[in-house]
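Shown here: structure-v8.cif, mmCIF, C-alpha atoms.
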```cif
data_final
loop_
_atom_site.label_atom_id
_atom_site.label_comp_id
_atom_site.auth_asym_id
_atom_site.auth_seq_id
_atom_site.Cartn_x
_atom_site.Cartn_y
_atom_site.Cartn_z
CA MET C 1 133.23 47.68 81.31
CA ASN C 2 132.95 48.83 77.70
CA ILE C 3 129.18 49.19 78.07
CA CYS C 4 129.60 51.36 81.15
CA MET C 5 132.09 53.62 79.42
CA LYS C 6 129.76 53.84 76.43
CA TRP C 7 127.08 55.44 78.62
CA LEU C 8 129.31 57.36 81.03
CA VAL C 9 131.06 59.43 78.38
CA PRO C 10 127.87 60.96 76.84
CA LEU C 11 126.46 61.45 80.35
CA GLY C 12 129.58 63.33 81.40
CA LEU C 13 129.39 65.55 78.32
CA LEU C 14 125.71 66.21 79.00
CA ILE C 15 126.46 67.29 82.56
CA ALA C 16 129.41 69.42 81.51
CA PHE C 17 127.76 71.23 78.61
CA GLY C 18 124.09 70.99 79.46
CA PHE C 19 123.45 71.09 83.17
CA GLY C 20 126.63 73.04 83.90
CA ALA C 21 125.55 75.90 81.64
CA ALA C 22 122.08 75.99 83.15
CA GLN C 23 123.47 76.58 86.65
CA ALA C 24 124.52 80.13 85.79
CA GLY C 25 121.34 82.20 85.73
CA GLU C 26 120.86 84.85 83.06
CA TYR C 27 118.92 87.93 84.12
CA THR C 28 117.54 91.07 82.61
CA LEU C 29 116.78 94.11 84.76
CA GLU C 30 113.14 93.03 84.91
CA ASP C 31 114.20 89.58 86.14
CA LEU C 32 116.37 91.15 88.84
CA TYR C 33 113.41 93.25 89.94
CA ARG C 34 111.24 90.16 90.39
CA VAL C 35 113.86 88.14 92.22
CA GLY C 36 114.87 91.05 94.42
CA MET C 37 111.29 91.79 95.49
CA GLN C 38 110.84 88.14 96.47
CA LYS C 39 114.14 87.52 98.26
CA SER C 40 115.21 90.83 99.78
CA GLU C 41 115.07 90.76 103.57
CA LYS C 42 114.80 94.55 103.66
CA VAL C 43 111.63 94.45 101.56
CA ARG C 44 110.17 91.79 103.83
CA ILE C 45 111.04 93.82 106.94
CA SER C 46 109.25 96.84 105.49
CA GLY C 47 106.27 94.67 104.57
CA GLU C 48 105.87 93.59 108.18
CA ASN C 49 105.08 97.20 109.11
CA VAL C 50 101.84 96.83 107.15
CA GLU C 51 101.00 93.70 109.15
CA ILE C 52 101.77 95.51 112.41
CA ALA C 53 99.53 98.43 111.43
CA ASP C 54 96.78 96.00 110.44
CA SER C 55 97.00 94.41 113.89
CA GLY C 56 96.63 97.90 115.38
CA LYS C 57 93.36 98.25 113.50
CA TYR C 58 91.95 95.20 115.26
CA LYS C 59 93.22 96.52 118.59
CA ALA C 60 91.24 99.72 117.97
CA LEU C 61 88.20 97.66 116.98
CA SER C 62 88.38 95.76 120.27
CA ALA C 63 87.63 99.02 122.14
CA LEU C 64 84.25 99.16 120.40
CA LEU C 65 83.20 95.63 121.29
CA PRO C 66 81.88 94.47 124.69
CA LYS C 67 84.14 92.46 126.99
CA ALA C 68 82.87 89.07 128.17
CA THR C 69 84.41 87.51 131.27
CA ALA C 70 83.79 84.16 132.93
CA PHE C 71 84.73 83.75 136.59
CA GLY C 72 84.62 81.12 139.28
CA ALA C 73 85.76 80.74 142.89
CA TYR C 74 85.77 77.98 145.51
CA THR C 75 86.04 78.80 149.23
CA ASN C 76 86.65 76.31 152.02
CA TYR C 77 86.00 77.85 155.48
CA SER C 78 87.60 76.56 158.69
CA GLU C 79 84.18 75.91 160.25
CA ASP C 80 80.58 76.80 159.86
CA LYS C 81 79.18 79.64 161.97
CA ARG C 82 75.73 80.35 163.29
CA GLY C 83 73.98 83.47 164.53
CA PRO C 84 72.39 84.01 167.96
CA SER C 85 69.16 82.48 166.73
CA GLY C 86 70.98 79.38 165.57
CA SER C 87 70.70 80.17 161.87
CA LEU C 88 73.70 79.30 159.69
CA ILE C 89 75.60 82.41 158.56
CA GLN C 90 78.84 80.78 157.26
CA PRO C 91 78.91 77.43 155.45
CA ASP C 92 81.78 74.97 155.34
CA THR C 93 82.28 75.42 151.59
CA GLN C 94 81.03 77.79 148.96
CA SER C 95 81.36 77.88 145.16
CA VAL C 96 80.62 80.94 143.01
CA TRP C 97 80.64 81.11 139.21
CA GLY C 98 79.22 83.34 136.52
CA VAL C 99 79.58 85.41 133.36
CA ARG C 100 80.06 89.17 133.11
CA LEU C 101 79.48 91.42 130.09
CA ASP C 102 80.88 95.00 130.09
CA GLU C 103 80.79 97.80 127.55
CA THR C 104 82.33 101.26 128.03
CA LEU C 105 82.06 104.04 125.45
CA SER C 106 82.78 107.74 125.50
CA LEU C 107 79.86 109.98 124.71
CA SER C 108 82.16 111.84 122.27
CA GLY C 109 82.53 108.71 120.14
CA ARG C 110 86.32 108.78 120.47
CA GLU C 111 86.51 104.99 120.12
CA PHE C 112 84.98 105.20 116.64
CA LYS C 113 87.41 107.96 115.71
CA SER C 114 90.32 105.86 116.99
CA TYR C 115 89.18 102.97 114.82
CA SER C 116 88.97 105.26 111.79
CA LEU C 117 92.43 106.57 112.64
CA SER C 118 93.82 103.02 112.79
CA LYS C 119 92.52 102.30 109.28
CA ASP C 120 94.24 105.45 108.03
CA ASN C 121 97.43 104.24 109.67
CA VAL C 122 97.21 100.97 107.75
CA GLU C 123 96.81 102.93 104.53
CA LYS C 124 99.80 105.10 105.42
CA ASN C 125 101.99 102.06 106.05
CA ARG C 126 100.94 100.62 102.70
CA PHE C 127 102.05 103.83 100.99
CA ASP C 128 105.33 103.67 102.93
CA PHE C 129 105.82 100.06 101.84
CA ARG C 130 105.21 100.94 98.19
CA SER C 131 107.64 103.83 98.48
CA PHE C 132 110.26 101.55 100.03
CA GLN C 133 109.78 99.04 97.23
CA GLU C 134 110.35 101.73 94.60
CA ASP C 135 113.46 102.97 96.42
CA PHE C 136 114.73 99.40 96.59
CA LEU C 137 114.18 98.90 92.87
CA LEU C 138 116.01 102.14 92.12
CA SER C 139 118.97 101.10 94.27
CA LEU C 140 118.91 97.72 92.52
CA SER C 141 118.95 99.56 89.18
CA LEU C 142 121.99 101.52 90.30
CA ALA C 143 123.80 98.30 91.25
CA TYR C 144 122.80 96.82 87.88
CA PHE C 145 124.21 99.74 85.89
CA GLU C 146 127.35 99.88 88.03
CA PHE C 147 127.91 96.23 87.17
CA LEU C 148 127.43 96.97 83.47
CA LYS C 149 129.93 99.82 83.76
CA ALA C 150 132.40 97.50 85.43
CA ARG C 151 131.88 94.84 82.78
CA LYS C 152 132.35 97.38 80.01
CA GLY C 153 135.43 98.75 81.79
CA LEU C 154 136.94 95.26 81.86
CA GLU C 155 136.22 94.85 78.15
CA ILE C 156 137.91 98.19 77.47
CA ALA C 157 140.93 97.17 79.57
CA ASN C 158 141.20 93.82 77.76
CA SER C 159 141.00 95.42 74.33
CA ASN C 160 143.57 98.03 75.40
CA VAL C 161 146.00 95.28 76.42
CA GLU C 162 145.40 93.57 73.10
CA ARG C 163 146.04 96.77 71.10
CA LEU C 164 149.16 97.67 73.05
CA THR C 165 150.47 94.12 72.66
CA LYS C 166 150.13 94.45 68.89
CA TYR C 167 151.73 97.89 69.07
CA ARG C 168 154.69 96.49 71.00
CA GLU C 169 155.14 93.66 68.49
CA ALA C 170 154.98 96.15 65.62
CA ALA C 171 157.58 98.31 67.39
CA ARG C 172 159.88 95.33 67.85
CA THR C 173 159.53 94.47 64.19
CA ARG C 174 160.40 98.00 63.12
CA LEU C 175 163.34 98.05 65.57
CA LYS C 176 164.78 94.95 63.94
CA ALA C 177 164.40 96.64 60.57
CA GLY C 178 166.25 99.67 61.92
CA GLU C 179 163.34 102.04 61.34
CA ILE C 180 163.00 103.20 64.98
CA THR C 181 165.13 103.46 68.07
CA LYS C 182 164.96 101.25 71.16
CA THR C 183 163.28 104.03 73.17
CA THR C 184 160.13 103.51 71.12
CA VAL C 185 160.05 99.83 72.10
CA LEU C 186 160.68 100.72 75.73
CA ARG C 187 157.83 103.21 75.58
CA ALA C 188 155.58 100.50 74.17
CA GLU C 189 156.64 98.11 76.95
CA GLY C 190 155.87 100.74 79.56
CA GLU C 191 152.45 101.50 78.11
CA LEU C 192 151.65 97.77 78.01
CA SER C 193 152.70 97.35 81.65
CA GLY C 194 150.41 100.21 82.63
CA ALA C 195 147.57 98.63 80.64
CA LEU C 196 148.07 95.32 82.43
CA SER C 197 147.85 97.13 85.76
CA ASP C 198 144.63 98.85 84.66
CA GLN C 199 143.31 95.46 83.57
CA ILE C 200 143.87 94.04 87.08
CA LYS C 201 142.08 97.03 88.63
CA ALA C 202 139.19 96.69 86.16
CA ARG C 203 138.83 92.98 86.94
CA ASN C 204 138.80 93.66 90.67
CA PHE C 205 136.12 96.34 90.26
CA TYR C 206 134.15 93.96 88.04
CA GLU C 207 134.20 91.21 90.66
CA SER C 208 133.27 93.65 93.44
CA SER C 209 130.34 94.96 91.40
CA ARG C 210 129.25 91.40 90.71
CA VAL C 211 129.24 90.55 94.43
CA PHE C 212 127.32 93.72 95.32
CA LEU C 213 124.67 93.16 92.65
CA ALA C 214 124.23 89.53 93.70
CA ARG C 215 123.83 90.62 97.32
CA THR C 216 121.34 93.36 96.49
CA ALA C 217 119.20 91.20 94.19
CA GLY C 218 119.46 88.05 96.31
CA ILE C 219 120.88 85.86 93.54
CA GLU C 220 123.88 83.54 93.31
CA ARG C 221 127.21 85.08 92.44
CA ASP C 222 127.51 82.94 89.31
CA PHE C 223 125.12 84.88 87.04
CA GLU C 224 125.02 86.49 83.62
CA ILE C 225 123.35 89.76 82.64
CA ARG C 226 121.44 90.02 79.39
CA GLU C 227 121.49 93.71 78.63
CA ILE C 228 118.44 95.23 76.97
CA PRO C 229 119.24 98.86 76.14
CA VAL C 230 116.66 101.48 77.00
CA ALA C 231 115.75 103.51 73.95
CA GLU C 232 115.92 107.29 73.98
CA ARG C 233 112.72 108.88 75.19
CA ASP C 234 111.17 112.29 74.88
CA THR C 235 110.86 114.11 78.21
CA ALA C 236 107.53 115.63 79.21
CA PRO C 237 107.34 119.30 80.31
CA LEU C 238 108.70 119.97 83.79
CA ASP C 239 105.44 121.40 85.19
CA GLY C 240 103.57 118.28 84.14
CA LEU C 241 106.18 116.08 85.79
CA LYS C 242 105.87 117.96 89.08
CA GLU C 243 102.09 117.67 89.02
CA LYS C 244 102.36 113.97 88.23
CA ALA C 245 104.78 113.42 91.13
CA LEU C 246 102.50 115.08 93.68
CA LYS C 247 99.57 113.06 92.39
CA ASN C 248 101.14 109.61 92.08
CA ARG C 249 104.08 109.26 94.47
CA PRO C 250 103.25 106.92 97.39
CA ASP C 251 105.48 108.82 99.82
CA VAL C 252 103.53 112.03 99.09
CA LYS C 253 100.30 110.14 99.77
CA SER C 254 101.82 108.81 102.98
CA VAL C 255 102.55 112.33 104.22
CA GLU C 256 99.04 113.44 103.25
CA THR C 257 97.60 110.54 105.22
CA GLN C 258 99.74 111.47 108.20
CA VAL C 259 98.13 114.93 108.20
CA GLN C 260 94.69 113.29 108.28
CA ILE C 261 95.78 111.01 111.13
CA SER C 262 97.10 113.95 113.15
CA GLU C 263 93.85 115.86 112.62
CA LYS C 264 91.76 112.93 113.83
CA GLN C 265 94.06 112.48 116.80
CA VAL C 266 93.12 115.98 117.96
CA ASP C 267 89.43 114.94 118.04
CA VAL C 268 90.34 111.76 119.91
CA THR C 269 92.21 113.61 122.64
CA ARG C 270 89.47 116.26 122.95
CA GLY C 271 87.01 113.44 123.53
CA ALA C 272 88.62 112.87 126.93
CA TYR C 273 86.63 115.90 128.18
CA TRP C 274 83.39 114.00 127.61
CA PRO C 275 81.92 111.56 130.14
CA SER C 276 82.04 107.83 129.54
CA LEU C 277 79.09 105.46 129.78
CA SER C 278 79.57 101.94 131.13
CA VAL C 279 76.98 99.17 130.82
CA SER C 280 77.37 95.86 132.66
CA GLY C 281 75.38 92.61 132.74
CA VAL C 282 76.23 89.81 135.18
CA TYR C 283 74.97 86.27 135.81
CA THR C 284 76.11 84.62 139.06
CA GLY C 285 75.55 81.07 140.35
CA THR C 286 76.29 79.98 143.94
CA ASP C 287 76.54 76.62 145.70
CA GLN C 288 76.91 76.27 149.51
CA SER C 289 77.31 73.36 151.85
CA PRO C 290 75.50 73.55 154.12
CA GLU C 291 73.15 76.20 152.82
CA THR C 292 72.87 79.45 154.77
CA ALA C 293 69.60 81.21 155.48
CA SER C 294 70.49 83.94 152.95
CA TYR C 295 71.56 81.47 150.28
CA ASN C 296 70.76 82.67 146.73
CA LYS C 297 71.32 79.99 144.14
CA GLU C 298 71.60 82.36 141.18
CA SER C 299 71.19 86.02 140.29
CA ILE C 300 71.15 88.19 137.17
CA TRP C 301 71.72 91.93 137.32
CA GLY C 302 72.63 94.89 135.12
CA ALA C 303 74.15 98.29 135.82
CA VAL C 304 74.61 101.57 133.97
CA THR C 305 77.38 103.90 135.14
CA LEU C 306 78.19 107.42 134.00
CA ASN C 307 81.73 108.60 134.72
CA PHE C 308 82.65 112.24 134.36
CA PRO C 309 86.25 113.18 135.25
CA ILE C 310 86.32 116.60 136.92
CA PHE C 311 89.96 117.20 137.72
CA GLU C 312 93.00 115.17 136.64
CA GLY C 313 95.81 117.64 137.17
CA GLY C 314 95.70 119.25 133.72
CA LEU C 315 96.48 115.98 131.87
CA ARG C 316 93.70 116.31 129.31
CA ARG C 317 94.57 119.89 128.47
CA ALA C 318 98.25 118.97 128.00
CA GLU C 319 97.33 116.03 125.75
CA VAL C 320 95.09 118.22 123.58
CA ARG C 321 97.78 120.87 123.21
CA GLU C 322 100.28 118.19 122.30
CA SER C 323 98.01 116.68 119.63
CA GLU C 324 97.30 120.13 118.19
CA SER C 325 101.04 120.83 117.95
CA ARG C 326 101.60 117.48 116.23
CA TYR C 327 98.85 118.31 113.75
CA ARG C 328 100.47 121.65 112.90
CA GLN C 329 103.81 119.90 112.71
CA SER C 330 102.46 117.36 110.20
CA GLU C 331 101.07 120.18 108.04
CA PHE C 332 104.47 121.91 108.00
CA GLN C 333 106.14 118.61 107.16
CA TYR C 334 103.75 118.10 104.26
CA ARG C 335 104.44 121.56 102.84
CA ASP C 336 108.19 121.05 103.22
CA PHE C 337 107.98 117.61 101.61
CA VAL C 338 106.06 118.98 98.62
CA LYS C 339 108.80 121.57 98.08
CA SER C 340 111.45 118.85 98.35
CA VAL C 341 109.62 116.69 95.81
CA ASN C 342 109.41 119.59 93.35
CA VAL C 343 113.15 120.23 93.74
CA GLU C 344 113.93 116.54 93.37
CA VAL C 345 111.88 116.30 90.17
CA GLU C 346 113.47 119.42 88.72
CA ASN C 347 117.02 118.29 89.54
CA THR C 348 116.40 114.85 88.09
CA TYR C 349 114.86 116.41 85.00
CA LEU C 350 117.90 118.66 84.49
CA ASP C 351 120.29 115.76 85.10
CA LEU C 352 118.47 113.66 82.54
CA ILE C 353 118.64 116.44 79.93
CA ALA C 354 122.37 116.82 80.64
CA GLN C 355 123.00 113.07 80.44
CA LYS C 356 121.14 112.89 77.15
CA GLY C 357 123.40 115.59 75.72
CA ILE C 358 126.52 113.87 77.07
CA TYR C 359 125.32 110.58 75.58
CA LYS C 360 124.98 112.07 72.10
CA SER C 361 128.33 113.86 72.38
CA ALA C 362 130.03 110.65 73.56
CA GLN C 363 128.74 108.81 70.47
CA ASP C 364 130.43 111.35 68.19
CA GLN C 365 133.63 111.32 70.23
CA LEU C 366 133.83 107.52 70.18
CA ALA C 367 133.29 107.37 66.41
CA TYR C 368 136.09 109.89 65.89
CA ALA C 369 138.45 108.07 68.28
CA GLU C 370 137.85 104.71 66.57
CA ASP C 371 138.55 106.16 63.12
CA ASN C 372 141.61 107.96 64.47
CA ILE C 373 143.18 104.87 66.10
CA ARG C 374 142.72 102.81 62.93
CA ALA C 375 144.32 105.49 60.78
CA VAL C 376 147.26 106.08 63.16
CA ALA C 377 147.90 102.34 63.54
CA LYS C 378 148.17 101.96 59.75
CA GLN C 379 150.43 104.99 59.52
CA PHE C 380 152.70 103.62 62.25
CA GLU C 381 153.10 100.34 60.41
CA PHE C 382 154.35 102.21 57.35
CA GLY C 383 156.46 104.67 59.33
CA LEU C 384 154.17 107.62 58.76
CA ALA C 385 153.33 108.13 62.46
CA SER C 386 155.42 108.27 65.58
CA SER C 387 155.01 106.28 68.78
CA LEU C 388 153.60 109.35 70.50
CA ASP C 389 150.89 109.55 67.85
CA VAL C 390 149.93 105.95 68.57
CA ILE C 391 149.89 106.46 72.34
CA ASP C 392 147.83 109.64 72.05
CA ALA C 393 145.35 107.94 69.73
CA ASN C 394 145.08 104.97 72.09
CA ASN C 395 144.55 107.17 75.13
CA LEU C 396 141.91 109.14 73.24
CA LEU C 397 140.12 105.93 72.35
CA ILE C 398 140.17 104.67 75.96
CA SER C 399 138.80 107.98 77.24
CA ALA C 400 136.07 107.95 74.57
CA GLN C 401 135.11 104.35 75.37
CA LYS C 402 134.89 105.03 79.10
CA LEU C 403 132.93 108.22 78.49
CA MET C 404 130.56 106.35 76.20
CA ALA C 405 130.01 103.58 78.77
CA ASP C 406 129.39 106.05 81.60
CA ALA C 407 127.13 108.22 79.44
CA THR C 408 125.10 105.24 78.23
CA TYR C 409 124.41 103.74 81.63
CA ASN C 410 124.02 107.08 83.42
CA TYR C 411 121.45 108.12 80.84
CA GLN C 412 119.54 104.87 81.29
CA PHE C 413 119.69 105.17 85.08
CA PHE C 414 118.36 108.74 85.06
CA ILE C 415 115.48 107.63 82.84
CA LEU C 416 114.51 105.20 85.60
CA ARG C 417 115.20 107.78 88.30
CA LEU C 418 112.84 110.26 86.62
CA GLN C 419 110.14 107.58 86.61
CA ARG C 420 110.74 106.99 90.31
CA VAL C 421 110.58 110.64 91.35
CA THR C 422 107.39 111.17 89.33
CA GLY C 423 105.63 108.18 90.86
CA TYR C 424 105.60 105.77 87.89
CA PRO C 425 106.09 102.15 89.13
CA LEU C 426 109.53 101.00 88.01
CA MET C 427 108.47 97.39 87.56
CA GLU C 428 105.74 98.39 85.11
CA PHE C 429 108.06 100.80 83.29
CA VAL C 430 110.85 98.26 82.81
CA ALA C 431 108.41 95.51 81.84
CA GLY C 432 106.78 97.85 79.32
CA THR C 433 110.16 98.83 77.91
CA THR C 434 111.13 95.21 77.56
CA VAL C 435 107.96 94.34 75.68
CA GLU C 436 108.39 97.24 73.27
CA GLU C 437 111.94 96.36 72.47
CA LYS C 438 111.07 92.73 71.81
CA LYS C 439 108.71 93.78 69.05
CA PRO C 440 110.16 93.52 65.52
#
```

Produce structure tokens that represent the structure in this file.
Amino acid sequence: MNICMKWLVPLGLLIAFGFGAAQAGEYTLEDLYRVGMQKSEKVRISGENVEIADSGKYKALSALLPKATAFGAYTNYSEDKRGPSGSLIQPDTQSVWGVRLDETLSLSGREFKSYSLSKDNVEKNRFDFRSFQEDFLLSLSLAYFEFLKARKGLEIANSNVERLTKYREAARTRLKAGEITKTTVLRAEGELSGALSDQIKARNFYESSRVFLARTAGIERDFEIREIPVAERDTAPLDGLKEKALKNRPDVKSVETQVQISEKQVDVTRGAYWPSLSVSGVYTGTDQSPETASYNKESIWGAVTLNFPIFEGGLRRAEVRESESRYRQSEFQYRDFVKSVNVEVENTYLDLIAQKGIYKSAQDQLAYAEDNIRAVAKQFEFGLASSLDVIDANNLLISAQKLMADATYNYQFFILRLQRVTGYPLMEFVAGTTVEEKKP
């Protein structure tokens, strides 16, 4: 029994302090990116569109290849029949088998154009998938920064409760010494009660943000975030950012590809006016019992057919007009999308400049509020400041801390958002940032 306890106690400590700590994963933003891209069902759903488009390419290729068909038939007649001369014209049984090879192509080459169009469609879906991935990473970034805001808000609420608790105790001490009235203590009690209520709200928001981030990234709820601040960065000129966005963004390339697809579709539909050429080759084997006079054991034949549709009720003309309208529509959509991208880049650029200014202003405001609360707290202890001075200083500090947290994480988010709207891959940007900040 003593030997068992000797080994069980260290084993229990190892599980409690070793394995237990390892269960809670610690993630940076880059880690969340990697896990999210692997586990997100939405990313996988979008990825299947590429597979579907790739299957469409092989469907278009099948129209270019000949069709081979094997056939066979067995016929059992009720009786054999003979002609007036006594020759057998219907056997008791007959078996027919063979192989048929058919190829049909339009003289306009529309099948080749359809195959080229299907490859463009695959490329378009790949651009759409890349764009969806970047949008997913940006939404994951937003959830990440919202969680950091919530965590910082909980820290602010906890420190506020701690400060107001000390303020209440100091007020009680001064009341016993007869330096202040009871209303000051009651005011301190009321402020502390309000702080405790804010603490509960902050904790609830923190837990909600934790659940949402875990759901978005596809990780367990029991996780820790290792924050790696993004350093301030110089912003390139706006015109250069717009040019970069139109050149690099996958959704812009997707719209460009759609214009090419619509243009090729016009040629495909116009090809319906051209005749089609069909080539067939057939091998047939026959077995009869008994054999008829016209029995042919096997035959091989080929045929060439030219089909030219003359009138189909205006279907071809309607299809051509429709494809031409879709082509013009895709051009208008591209022009509109380019304008939207330019506006999006400009708005994000202006937001980033504004957030950078707010961030620097919040740093100064927080430094002032921290110095002010320390000075007022000391003055209150020695009776040189009133309770209102303490409450005002505390409220100023809380506002400055919240402003600093919001400004910090908003600034970092808009740095990532600017990368997204200009077409820079977020995974590469965050990984590059992480490497730079790990350097001494």

Which polymer residues have any atom within 12 Å of an atom of Tyr58 of chain C, counting all atoms listed in the file, with same-chain residues fewer than 6 positions away left out, as a ChimeraX atom specification? /C:51-52,64-65,114-119,121-122

Which of these, C:Arg203, C:Lys81, C:Arg417, C:Lys124, has the shortest distance to Lys253 of chain C once you count only C-alpha atoms?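 Checking each of C:Arg203, C:Lys81, C:Arg417, C:Lys124 against Lys253 of chain C, counting only C-alpha atoms, the winner is C:Lys124.
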
The PyMOL selection byres ((chain C and resi 130) around 10) applied to the shown file, residues as number ranges by chain: C: 43, 46-47, 124-129, 131-136, 249-251, 254, 425

Separating atom CA of Val252 of chain C from atom CA of Leu213 of chain C, to the nearest tenth of an Å, is a gap of 29.1 Å

Computed interatomic separation between atom CA of Val430 of chain C and atom CA of Leu403 of chain C (Å):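 Distance between the two atoms: 24.6 Å.
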
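For the set C:Ile225, C:Val338, C:Ile45, C:Val99, the residue with the smallest atom-to-atom gap to Gly285 of chain C is C:Val99, counting only C-alpha atoms.
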
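Using only C-alpha atoms for every distance, the candidate list C:Gln265, C:Asn248, C:Ser141, C:Thr173 yields C:Ser141 as the residue closest to Asn410 of chain C.
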
Produce a table with one row for each residue of segment 246-290 of chain C that has an atom at most 8 Å from any atom of segment 334-337 of chain C, each row naming the nearest atom pair and its distance in Å at one decimal; use only C-alpha atoms; arrange rows by chain and rising residue number; format as a tab-separated table.
```
residue	atom	partner	partner_atom	distance
C:Val252	CA	C:Phe337	CA	7.6
C:Val255	CA	C:Tyr334	CA	5.9
C:Glu256	CA	C:Tyr334	CA	6.7
C:Val259	CA	C:Tyr334	CA	7.6
```

Rounded to one decimal, what separation in Å do you get between atom CA of Gly271 of chain C and atom CA of Gln333 of chain C? 25.7 Å

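Note on the selection: in this file the PyMOL selection byres ((chain C and resi 275) around 9) comes out as C:Leu105, C:Ser106, C:Leu107, C:Ser108, C:Gly271, C:Ala272, C:Tyr273, C:Trp274, C:Ser276, C:Leu277, C:Leu306, C:Asn307, C:Phe308, C:Pro309.
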
Counting all atoms listed in the file, what is within 12 Å of Leu138 of chain C, bar same-chain residues fewer than 4 positions away, as a ChimeraX atom specification? /C:29-30,32-33,36-37,131-134,142-145,216-217,412-421,424-427,429-430

From C:Ala177, C:Val320, C:Ile228, C:Val390, residue lying nearest Glu263 of chain C [all atoms listed in the file]: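 Residue with the minimum atom-to-atom distance to Glu263 of chain C: C:Val320.
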
Report the residues retrieved by the PyMOL selection byres ((chain C and resi 153-169) around 7) from the displayed file, expressed as a ChimeraX atom specification. /C:149-152,170-173,185,188-189,192,195-196,198-199,202-203,206,402

Selected residue of minimal separation from Gln365 of chain C among C:Ser399, C:Ser208, C:Thr93, C:Thr286, counting only C-alpha atoms: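 Using only C-alpha atoms, Gln365 of chain C sits closest to C:Ser399.
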
Distance criterion (only C-alpha atoms): nearest to Ser139 of chain C out of C:Phe332, C:Phe382, C:Phe212, C:Tyr327: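 The answer is C:Phe212, which sits nearest to Ser139 of chain C.
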
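At a cut-off of 12 Å from (135.0, 105.3, 67.7), the residue set is Ser361, Ala362, Gln363, Asp364, Gln365, Leu366, Ala367, Tyr368, Ala369, Glu370, Asp371, Asn372, Ile373, Arg374, Ala375, Ala393, Asn394, Leu396, Leu397, Ile398, Ser399, Ala400, Gln401, Lys402, Leu403 and Met404 of chain C (counting only C-alpha atoms).
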
Would you kindly return, as a PyMOL selection string, each protein, DNA or RNA residue with an atom no farther than 9 Å from any atom of segment 231-240 of chain C, considering all atoms listed in the file and excluding same-chain residues fewer than 5 positions away? chain C and resi 245+345-346+349+352-353+356+411-412+415+433+437
